[in-house]
Amino acid sequence: MASLNVGNLGEYLREQRRSAQLSLRQLADAAGVSNPYLSQIERGLRKPSAEVLQQVAKALRISAETLYVRAGILDAERDLDEVETRAVILADPTLNERQKQVLLQIYESFRKENGFAGVSDGDGAEETRPHEDTTVRGTRTADASEADPQQAAG
């Protein structure tokens with residue numbers, strides 16, 4: 001497991017908050033956490049949970065995966081390429097939300113085809129693990145996020 005660098009996470013969060021032109025209080029309110037708690041995270045005094053990081057990422061409109069890597073929740077060396085690819089897709093202002101989701105689904109289908117599968121946290125953040133059986137490509141699930149990306153794109 002990657003070592004934690006909470007100070008680096010705090011500095012990054014502060015930088016993102018300032019870029020979004022939000023006060024500490026505004027971000028805390030938007031993320032549903034207390035102002036003092038968020039301040040402690042930014043100063044590197046607290047290690048937030050993945051759930052708190054997800055709420056903060058959503059409030060800042062940035063990738064939760066990026067925060068997970070910076071917090072040491074995801075292994076940066078193993079997951080950084082996937083995280084960066086997803087972050088670039090999500091940050092592209094020329095794409096609408098539906099197009100971004102379709103691209104992410106296509107990307108994930110190619111990863112599965114090549115032997116890797118992502119385990120979703122429910123908001124697009126995924127943890128990469130080697131896929132044990134690549135023959136389940138035609139399997140359908142009730143979850144809309146698992147819809148066939150080729151069908152969604154067509």
# chains A, B, ... in the order shown; residues from 1 in each chain; ligands from 1

call {"tool": "closest_atom_pairs", "arguments": {"of": "region 55-99 of chain A", "to": "region 16-32 of chain A", "cutoff": "12 Å", "atoms": "only C-alpha atoms", "output": "JSON lines"}}
result
{"residue": "A:Gln55", "atom": "CA", "partner": "A:Ala31", "partner_atom": "CA", "distance": 5.0}
{"residue": "A:Val56", "atom": "CA", "partner": "A:Ala31", "partner_atom": "CA", "distance": 5.0}
{"residue": "A:Ala57", "atom": "CA", "partner": "A:Ala31", "partner_atom": "CA", "distance": 8.1}
{"residue": "A:Lys58", "atom": "CA", "partner": "A:Ala31", "partner_atom": "CA", "distance": 7.4}
{"residue": "A:Ala59", "atom": "CA", "partner": "A:Ala31", "partner_atom": "CA", "distance": 5.4}
{"residue": "A:Leu60", "atom": "CA", "partner": "A:Arg17", "partner_atom": "CA", "distance": 6.8}
{"residue": "A:Arg61", "atom": "CA", "partner": "A:Ala20", "partner_atom": "CA", "distance": 8.9}
{"residue": "A:Ile62", "atom": "CA", "partner": "A:Gln16", "partner_atom": "CA", "distance": 8.5}
{"residue": "A:Ser63", "atom": "CA", "partner": "A:Gln16", "partner_atom": "CA", "distance": 11.2}
{"residue": "A:Thr66", "atom": "CA", "partner": "A:Gln16", "partner_atom": "CA", "distance": 11.6}
{"residue": "A:Leu67", "atom": "CA", "partner": "A:Gln16", "partner_atom": "CA", "distance": 10.8}

call {"tool": "write_last_selection", "arguments": {"atoms": "N, CA, C and O atoms", "output": "compact mmCIF listing (two decimals), in the first residue's frame"}}
result
# COMPACT_ATOMS: atom_id res chain seq x y z
N GLN A 55 -16.89 13.45 -1.46
CA GLN A 55 -17.77 14.62 -1.30
C GLN A 55 -17.03 15.91 -1.66
O GLN A 55 -17.59 16.78 -2.32
N VAL A 56 -15.79 16.02 -1.24
CA VAL A 56 -14.98 17.21 -1.54
C VAL A 56 -14.72 17.30 -3.04
O VAL A 56 -14.83 18.36 -3.65
N ALA A 57 -14.39 16.16 -3.65
CA ALA A 57 -14.13 16.13 -5.10
C ALA A 57 -15.37 16.56 -5.87
O ALA A 57 -15.29 17.34 -6.82
N LYS A 58 -16.52 16.07 -5.44
CA LYS A 58 -17.76 16.44 -6.11
C LYS A 58 -18.02 17.93 -5.97
O LYS A 58 -18.40 18.59 -6.93
N ALA A 59 -17.78 18.48 -4.79
CA ALA A 59 -17.99 19.91 -4.56
C ALA A 59 -17.03 20.76 -5.39
O ALA A 59 -17.39 21.84 -5.85
N LEU A 60 -15.80 20.25 -5.59
CA LEU A 60 -14.81 20.98 -6.38
C LEU A 60 -14.92 20.67 -7.88
O LEU A 60 -14.22 21.30 -8.68
N ARG A 61 -15.75 19.69 -8.20
CA ARG A 61 -15.91 19.25 -9.59
C ARG A 61 -14.59 18.75 -10.18
O ARG A 61 -14.19 19.13 -11.27
N ILE A 62 -13.90 17.93 -9.38
CA ILE A 62 -12.65 17.31 -9.82
C ILE A 62 -12.78 15.80 -9.63
O ILE A 62 -13.72 15.32 -9.01
N SER A 63 -11.81 15.07 -10.12
CA SER A 63 -11.80 13.62 -10.04
C SER A 63 -11.53 13.13 -8.62
O SER A 63 -10.52 13.50 -8.01
N THR A 66 -8.17 11.21 -8.30
CA THR A 66 -6.96 12.01 -8.09
C THR A 66 -6.74 12.22 -6.59
O THR A 66 -5.61 12.11 -6.10
N LEU A 67 -7.81 12.52 -5.87
CA LEU A 67 -7.68 12.71 -4.43
C LEU A 67 -7.33 11.41 -3.73
O LEU A 67 -6.55 11.41 -2.78

call {"tool": "atom_distance", "arguments": {"atom1": "CA of Val69 (chain A)", "atom2": "CA of Pro93 (chain A)"}}
result
23.3 Å

call {"tool": "atom_distance", "arguments": {"atom1": "CA of Leu45 (chain A)", "atom2": "CA of Leu9 (chain A)"}}
result
10.6 Å

call {"tool": "select_by_dssp", "arguments": {"residues": "region 19-65 of chain A", "states": "alpha helix (DSSP H)", "output": "PyMOL selection string"}}
result
chain A and resi 19+24-31+35-42+50-60+64-65

call {"tool": "residues_around", "arguments": {"residues": "Ala87 (chain A)", "least_positions_apart": "3", "cutoff": "9 Å", "atoms": "only C-alpha atoms", "output": "list in words"}}
result
Ile62, Ser63, Ala64, Glu65, Thr66, Glu82, Val83, Glu84, Leu90, Ala91 and Asp92 of chain A

call {"tool": "closest_residue", "arguments": {"among": "A:Ala50, A:Ile41, A:Val88, A:Leu95", "to": "Asn8 (chain A)", "atoms": "only C-alpha atoms"}}
result
A:Ile41

call {"tool": "atom_distance", "arguments": {"atom1": "CA of Leu38 (chain A)", "atom2": "CA of Asp81 (chain A)"}}
result
28.0 Å

call {"tool": "closest_residue", "arguments": {"among": "A:Asn96, A:Arg86, A:Val33, A:Gly10", "to": "Val52 (chain A)", "atoms": "only C-alpha atoms"}}
result
A:Val33
